[in-house]
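Chemist: Encoded as structure tokens, here's the structure I'll be asking about.
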Amino acid sequence: MSKPPVHAIAVALALLLAGCGQSQQAAAPADPAVTVARPTQRTIVDQDEYVGRFVAVDAVEIRARVSGYLDQVDFTDGQMVKQGDLLFTIDKRPFQTSLEQAQANLSQAHANLSFAEADLARGAQLVHDKTITEQTFDQRTQAKRVAEATVAAQEAAVRQAQLDLGFTELRAPVAGRIGDRRVSPGNLVTGGAGGGTTLLATIVSLDPIRFEFTFDEASYLRYERLSHDSHDAAGRSGSARVALRLIDEPDYRHEGRIDFVDNVIDRATGTIRGRAVFDNPDHVFTPGMFGRIRVPGSAPYMALLVPDAVIGTEQARKFVFVVDDGNVVRQKYVTLGELSGDLRVIKDGLAPDDRVVVNGLMRARAGQKVKPQEQSPAPTAAASPPQASD
């Protein structure tokens, strides 16, 4: 059998290659599939976040009211004390002696008064009988009045001596945690109402406890206007519910209320001081501790939310991909709001009927035609207060 000519084989190969190229051009890539979803609508309240510090409702310095040698300490450093608990005792013996002397002087004054009253009573009959002169009777009257004044003075001296003796026992004026002792037994402590008194210890109350923070003038005006419409606002006439977290906590688990807004704005910083009060039954909060507080910053409103993961960044602007009616990807620049769980509030740039690309972002490009698949919408409900982003 004769072999085909060489030029016939070449023609056959050329036709085969041309057919393969046409089949490759015919198999164009399909439109990429992406998942789209409508924005979630919820009623939310914007939240403002501030850093502040805990302060005690009551903070008391324990100082002696009388001078003397410290006799004993009746507490353990750092313990919780109740109001009225005995803390320090000053040597009582000198004050007990002073009290007994004052009581003796009072007894003597009473005896002198009794004699003066009896002498005056006798003088009243004698002056009636013209036995003594009017001048002598007036002298006896004056002696009685002097004796009465002496009794009053000695009674005051007894009360003062009793007070001084009572001041030798220093008791807790408030309930709270006491610090360490500043003076050991055997040392002389200085008391009195003037300066130079000896500091013995300090007590701070813990339950309830206050949290102080500052906010700017614009926020103050916003809170004041909100408080006129609702008592649940941070203005001076409101009592907003607030939430707090400590530096080692991931969420705002502690609830309290605004109870005070200062009466002046600091001219140096342009800020005003606010204060909230929190229950502290387990005494975790300590005066001086830092925390972050979240304050309602708006009235409730209906907001659009999208998953925070679908938001892209282009330099300083934020955007999301949406799919139009022609199934073409479009880029929309948006203004972000607060974070509520894993959803981000969109303040501006998005419409409720927009189809936002939520899955397949790596396959989506602006101007590209895609094959969208609708995701079931999340139920519309009132959400918990959104978390302020750090």
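Quick note on naming: the chains in the structure tokens go A, B, ... in the order shown, residues restart at 1 in each chain, and ligands are numbered from 1 in order of appearance.
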Which residues of segment 180-293 of chain A come within 8 Å of segment 45-55 of chain A, and for each one, what is the closest pair of atoms and their distance in Å to one decimal, counting only C-alpha atoms, sorted by chain and residue number, as a tab-separated table?

Modeler:
residue	atom	partner	partner_atom	distance
A:Ile209	CA	A:Val55	CA	6.6
A:Arg210	CA	A:Val55	CA	5.3
A:Phe211	CA	A:Phe54	CA	4.3
A:Glu212	CA	A:Gly52	CA	5.5
A:Phe213	CA	A:Gly52	CA	4.4
A:Thr214	CA	A:Gly52	CA	7.4
A:Phe215	CA	A:Tyr50	CA	7.5
A:Phe285	CA	A:Phe54	CA	7.3
A:Thr286	CA	A:Phe54	CA	6.6
A:Pro287	CA	A:Val55	CA	4.5
A:Gly288	CA	A:Phe54	CA	5.2
A:Met289	CA	A:Phe54	CA	5.4
A:Phe290	CA	A:Arg53	CA	4.5
A:Gly291	CA	A:Gly52	CA	5.6
A:Arg292	CA	A:Val51	CA	4.6
A:Ile293	CA	A:Tyr50	CA	5.4

Chemist: Would you list the contacts of Arg241 of chain A as a compact mmCIF listing (two decimals) with N, CA and C atoms, in the first residue's frame, taking every protein, DNA or RNA residue within 8 Å and counting only C-alpha atoms, but skipping same-chain residues closer than 2 positions in sequence?

Modeler:
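Final output, saved to result09.txt:
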# COMPACT_ATOMS: atom_id res chain seq x y z
N ASP A 232 -34.09 59.30 79.64
CA ASP A 232 -33.04 58.29 79.47
C ASP A 232 -31.95 58.84 78.56
N ALA A 233 -31.39 59.98 78.96
CA ALA A 233 -30.32 60.64 78.20
C ALA A 233 -29.29 61.17 79.18
N SER A 239 -31.20 60.76 83.11
CA SER A 239 -30.55 59.72 83.93
C SER A 239 -30.30 58.51 83.03
N ALA A 243 -23.21 51.71 80.09
CA ALA A 243 -22.52 50.43 80.25
C ALA A 243 -21.03 50.68 80.35
N GLU A 255 -23.66 47.64 84.18
CA GLU A 255 -24.67 48.65 83.89
C GLU A 255 -24.78 49.62 85.06
N GLY A 256 -24.99 50.90 84.69
CA GLY A 256 -25.16 51.94 85.69
C GLY A 256 -26.01 53.06 85.13
N ARG A 257 -25.99 54.22 85.84
CA ARG A 257 -26.79 55.37 85.43
C ARG A 257 -26.00 56.65 85.62
N ILE A 258 -26.23 57.62 84.73
CA ILE A 258 -25.67 58.96 84.90
C ILE A 258 -26.39 59.62 86.07
N VAL A 295 -22.04 55.71 76.45
CA VAL A 295 -23.15 56.60 76.75
C VAL A 295 -24.05 56.72 75.53
N PRO A 296 -25.39 56.63 75.68
CA PRO A 296 -26.28 56.82 74.52
C PRO A 296 -26.07 58.19 73.90

Chemist: Ranking A:Arg38, A:Gln101, A:Asp58, A:Ile90 by minimum distance to Gly166 of chain A and counting only C-alpha atoms, which one comes first?

Modeler: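 Ranked by minimum distance to Gly166 of chain A, first place goes to A:Ile90.
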
Chemist: Among segment 208-271 of chain A, which ones does DSSP place in helix (DSSP H, G or I), written as a ChimeraX atom specification?

Modeler: /A:217-229

Chemist: In Å, with one decimal, what is the gap from atom CA of Gly341 of chain A to atom CA of Val306 of chain A?

Modeler: 10.8 Å

Chemist: Calculated over only C-alpha atoms, which of the candidates A:Leu99, A:Ile132, A:Ala299, A:Val66 has the smallest distance to Gly191 of chain A?

Modeler: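 For Gly191 of chain A, the nearest of the candidates is A:Val66.
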
Chemist: Go through A:Asp353, A:Ile44, A:Ala121, A:Pro250 and flag the residue nearest Gly337 of chain A, using only C-alpha atoms for the distances.

Modeler: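 Of A:Asp353, A:Ile44, A:Ala121, A:Pro250, the one nearest Gly337 of chain A, counting only C-alpha atoms, is A:Ile44.
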
Chemist: Please identify the strand (DSSP E or B) residues within segment 15-134 of chain A (assignment by DSSP from backbone atoms) and present them as a PyMOL selection string.

Modeler: chain A and resi 33-37+40-44+47-56+59-63+68-73+80-81+86-90

Chemist: Tell me, as a list in words, which residues lie within 8 Å of Leu87 of chain A, counting only C-alpha atoms; anything in the same chain fewer than 6 positions away does not count.

Modeler: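 Neighbouring residues, sequence-local ones excluded: Val73, Asp74, Phe75, Glu169, Leu170, Arg171 and Ala172 of chain A.
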
Chemist: Write the selection just made, keeping N, CA and C atoms, as a PDB file, in the first residue's frame?

Modeler:
ATOM      1  N   VAL A  73      -4.176  49.451 117.860  1.00  0.00           N
ATOM      2  CA  VAL A  73      -4.805  49.473 116.537  1.00  0.00           C
ATOM      3  C   VAL A  73      -5.732  48.278 116.457  1.00  0.00           C
ATOM      4  N   ASP A  74      -6.990  48.522 116.082  1.00  0.00           N
ATOM      5  CA  ASP A  74      -8.012  47.481 116.162  1.00  0.00           C
ATOM      6  C   ASP A  74      -8.498  47.018 114.798  1.00  0.00           C
ATOM      7  N   PHE A  75      -7.649  47.030 113.773  1.00  0.00           N
ATOM      8  CA  PHE A  75      -8.041  46.542 112.458  1.00  0.00           C
ATOM      9  C   PHE A  75      -6.813  45.967 111.761  1.00  0.00           C
ATOM     10  N   GLU A 169     -11.284  56.984 121.342  1.00  0.00           N
ATOM     11  CA  GLU A 169     -11.643  55.833 120.502  1.00  0.00           C
ATOM     12  C   GLU A 169     -12.037  56.363 119.133  1.00  0.00           C
ATOM     13  N   LEU A 170     -11.262  56.022 118.127  1.00  0.00           N
ATOM     14  CA  LEU A 170     -11.526  56.463 116.759  1.00  0.00           C
ATOM     15  C   LEU A 170     -12.253  55.349 116.031  1.00  0.00           C
ATOM     16  N   ARG A 171     -13.477  55.648 115.595  1.00  0.00           N
ATOM     17  CA  ARG A 171     -14.324  54.660 114.936  1.00  0.00           C
ATOM     18  C   ARG A 171     -14.549  55.038 113.475  1.00  0.00           C
ATOM     19  N   ALA A 172     -14.907  54.047 112.664  1.00  0.00           N
ATOM     20  CA  ALA A 172     -15.095  54.268 111.229  1.00  0.00           C
ATOM     21  C   ALA A 172     -16.325  55.134 110.993  1.00  0.00           C
TER      22      ALA A 172
END

Chemist: Atom CA of Ser205 of chain A and atom CA of Phe167 of chain A, how far apart in Å?

Modeler: 22.5 Å

Chemist: Counting only C-alpha atoms, what is within 12 Å of Ala309 of chain A, bar same-chain residues fewer than 5 positions away, as number ranges by chain?

Modeler: A: 318-321, 339, 341-344, 356-361

Chemist: Within 12 Å of Val323 of chain A, counting only C-alpha atoms, which residues qualify if same-chain residues fewer than 5 places away don't, as a PyMOL selection string?

Modeler: chain A and resi 33-38+328-332+353-358+361+364-374

Chemist: Can you write out the residues you just picked, keeping N, CA and C atoms, as an mmCIF file, in the first residue's frame?

Modeler:
data_model
loop_
_atom_site.group_PDB
_atom_site.id
_atom_site.type_symbol
_atom_site.label_atom_id
_atom_site.label_comp_id
_atom_site.auth_asym_id
_atom_site.auth_seq_id
_atom_site.Cartn_x
_atom_site.Cartn_y
_atom_site.Cartn_z
ATOM 1 N N ALA A 33 -19.906 33.510 40.200
ATOM 2 C CA ALA A 33 -21.061 33.491 41.100
ATOM 3 C C ALA A 33 -20.711 34.210 42.408
ATOM 4 N N VAL A 34 -21.594 35.076 42.847
ATOM 5 C CA VAL A 34 -21.426 35.780 44.122
ATOM 6 C C VAL A 34 -22.745 35.694 44.881
ATOM 7 N N THR A 35 -22.643 35.882 46.193
ATOM 8 C CA THR A 35 -23.834 35.887 47.043
ATOM 9 C C THR A 35 -24.130 37.328 47.432
ATOM 10 N N VAL A 36 -25.388 37.731 47.289
ATOM 11 C CA VAL A 36 -25.792 39.090 47.606
ATOM 12 C C VAL A 36 -26.903 39.046 48.659
ATOM 13 N N ALA A 37 -27.050 40.140 49.380
ATOM 14 C CA ALA A 37 -28.087 40.232 50.411
ATOM 15 C C ALA A 37 -28.470 41.687 50.599
ATOM 16 N N ARG A 38 -29.722 41.901 50.979
ATOM 17 C CA ARG A 38 -30.182 43.257 51.278
ATOM 18 C C ARG A 38 -29.644 43.685 52.649
ATOM 19 N N VAL A 328 -24.392 43.709 37.183
ATOM 20 C CA VAL A 328 -23.052 44.257 37.077
ATOM 21 C C VAL A 328 -22.641 44.803 38.444
ATOM 22 N N VAL A 329 -21.407 44.507 38.833
ATOM 23 C CA VAL A 329 -20.903 44.943 40.131
ATOM 24 C C VAL A 329 -20.608 46.437 40.091
ATOM 25 N N ARG A 330 -21.114 47.159 41.088
ATOM 26 C CA ARG A 330 -20.845 48.581 41.235
ATOM 27 C C ARG A 330 -20.221 48.835 42.615
ATOM 28 N N GLN A 331 -19.363 49.830 42.660
ATOM 29 C CA GLN A 331 -18.704 50.203 43.908
ATOM 30 C C GLN A 331 -19.420 51.411 44.510
ATOM 31 N N LYS A 332 -19.857 51.293 45.785
ATOM 32 C CA LYS A 332 -20.544 52.392 46.454
ATOM 33 C C LYS A 332 -19.737 52.807 47.688
ATOM 34 N N ASP A 353 -32.829 48.779 49.308
ATOM 35 C CA ASP A 353 -33.026 47.729 48.309
ATOM 36 C C ASP A 353 -31.744 47.374 47.568
ATOM 37 N N ASP A 354 -30.602 47.892 47.973
ATOM 38 C CA ASP A 354 -29.333 47.533 47.333
ATOM 39 C C ASP A 354 -28.999 46.077 47.619
ATOM 40 N N ARG A 355 -28.442 45.425 46.587
ATOM 41 C CA ARG A 355 -27.982 44.044 46.744
ATOM 42 C C ARG A 355 -26.475 44.077 46.995
ATOM 43 N N VAL A 356 -26.095 43.854 48.236
ATOM 44 C CA VAL A 356 -24.698 43.958 48.649
ATOM 45 C C VAL A 356 -24.030 42.594 48.499
ATOM 46 N N VAL A 357 -22.837 42.605 47.921
ATOM 47 C CA VAL A 357 -22.070 41.366 47.784
ATOM 48 C C VAL A 357 -21.532 40.980 49.158
ATOM 49 N N VAL A 358 -21.959 39.832 49.664
ATOM 50 C CA VAL A 358 -21.544 39.370 50.982
ATOM 51 C C VAL A 358 -20.655 38.136 50.915
ATOM 52 N N LEU A 361 -16.298 37.977 47.391
ATOM 53 C CA LEU A 361 -15.696 39.291 47.179
ATOM 54 C C LEU A 361 -14.418 39.205 46.344
ATOM 55 N N ALA A 364 -15.317 39.445 42.691
ATOM 56 C CA ALA A 364 -16.080 40.603 42.233
ATOM 57 C C ALA A 364 -15.154 41.768 41.924
ATOM 58 N N ARG A 365 -15.393 42.414 40.800
ATOM 59 C CA ARG A 365 -14.660 43.605 40.398
ATOM 60 C C ARG A 365 -15.667 44.634 39.895
ATOM 61 N N ALA A 366 -15.407 45.894 40.158
ATOM 62 C CA ALA A 366 -16.307 46.944 39.699
ATOM 63 C C ALA A 366 -16.416 46.910 38.179
ATOM 64 N N GLY A 367 -17.651 46.936 37.665
ATOM 65 C CA GLY A 367 -17.895 46.886 36.233
ATOM 66 C C GLY A 367 -17.987 45.487 35.671
ATOM 67 N N GLN A 368 -17.766 44.463 36.484
ATOM 68 C CA GLN A 368 -17.796 43.077 36.011
ATOM 69 C C GLN A 368 -19.202 42.510 36.153
ATOM 70 N N LYS A 369 -19.614 41.715 35.169
ATOM 71 C CA LYS A 369 -20.903 41.060 35.245
ATOM 72 C C LYS A 369 -20.769 39.762 36.033
ATOM 73 N N VAL A 370 -21.701 39.527 36.940
ATOM 74 C CA VAL A 370 -21.629 38.364 37.821
ATOM 75 C C VAL A 370 -22.961 37.643 37.801
ATOM 76 N N LYS A 371 -22.948 36.480 38.434
ATOM 77 C CA LYS A 371 -24.161 35.687 38.576
ATOM 78 C C LYS A 371 -24.565 35.720 40.057
ATOM 79 N N PRO A 372 -25.468 36.621 40.452
ATOM 80 C CA PRO A 372 -25.803 36.780 41.886
ATOM 81 C C PRO A 372 -26.741 35.699 42.384
ATOM 82 N N GLN A 373 -26.523 35.325 43.608
ATOM 83 C CA GLN A 373 -27.400 34.390 44.302
ATOM 84 C C GLN A 373 -27.905 35.082 45.564
ATOM 85 N N GLU A 374 -29.228 35.182 45.695
ATOM 86 C CA GLU A 374 -29.826 35.894 46.814
ATOM 87 C C GLU A 374 -29.660 35.104 48.112
#

Chemist: Counting only C-alpha atoms, figure out which residue out of A:Pro185, A:Gly176, A:Pro352, A:Pro208 gets nearest to Ala303 of chain A.

Modeler: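 Smallest distance to Ala303 of chain A is found for A:Pro352.
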
Chemist: Tell me which of A:Leu304, A:Lys82, A:Glu314, A:Arg294 sits closest to Lys347 of chain A, counting only C-alpha atoms.

Modeler: A:Leu304
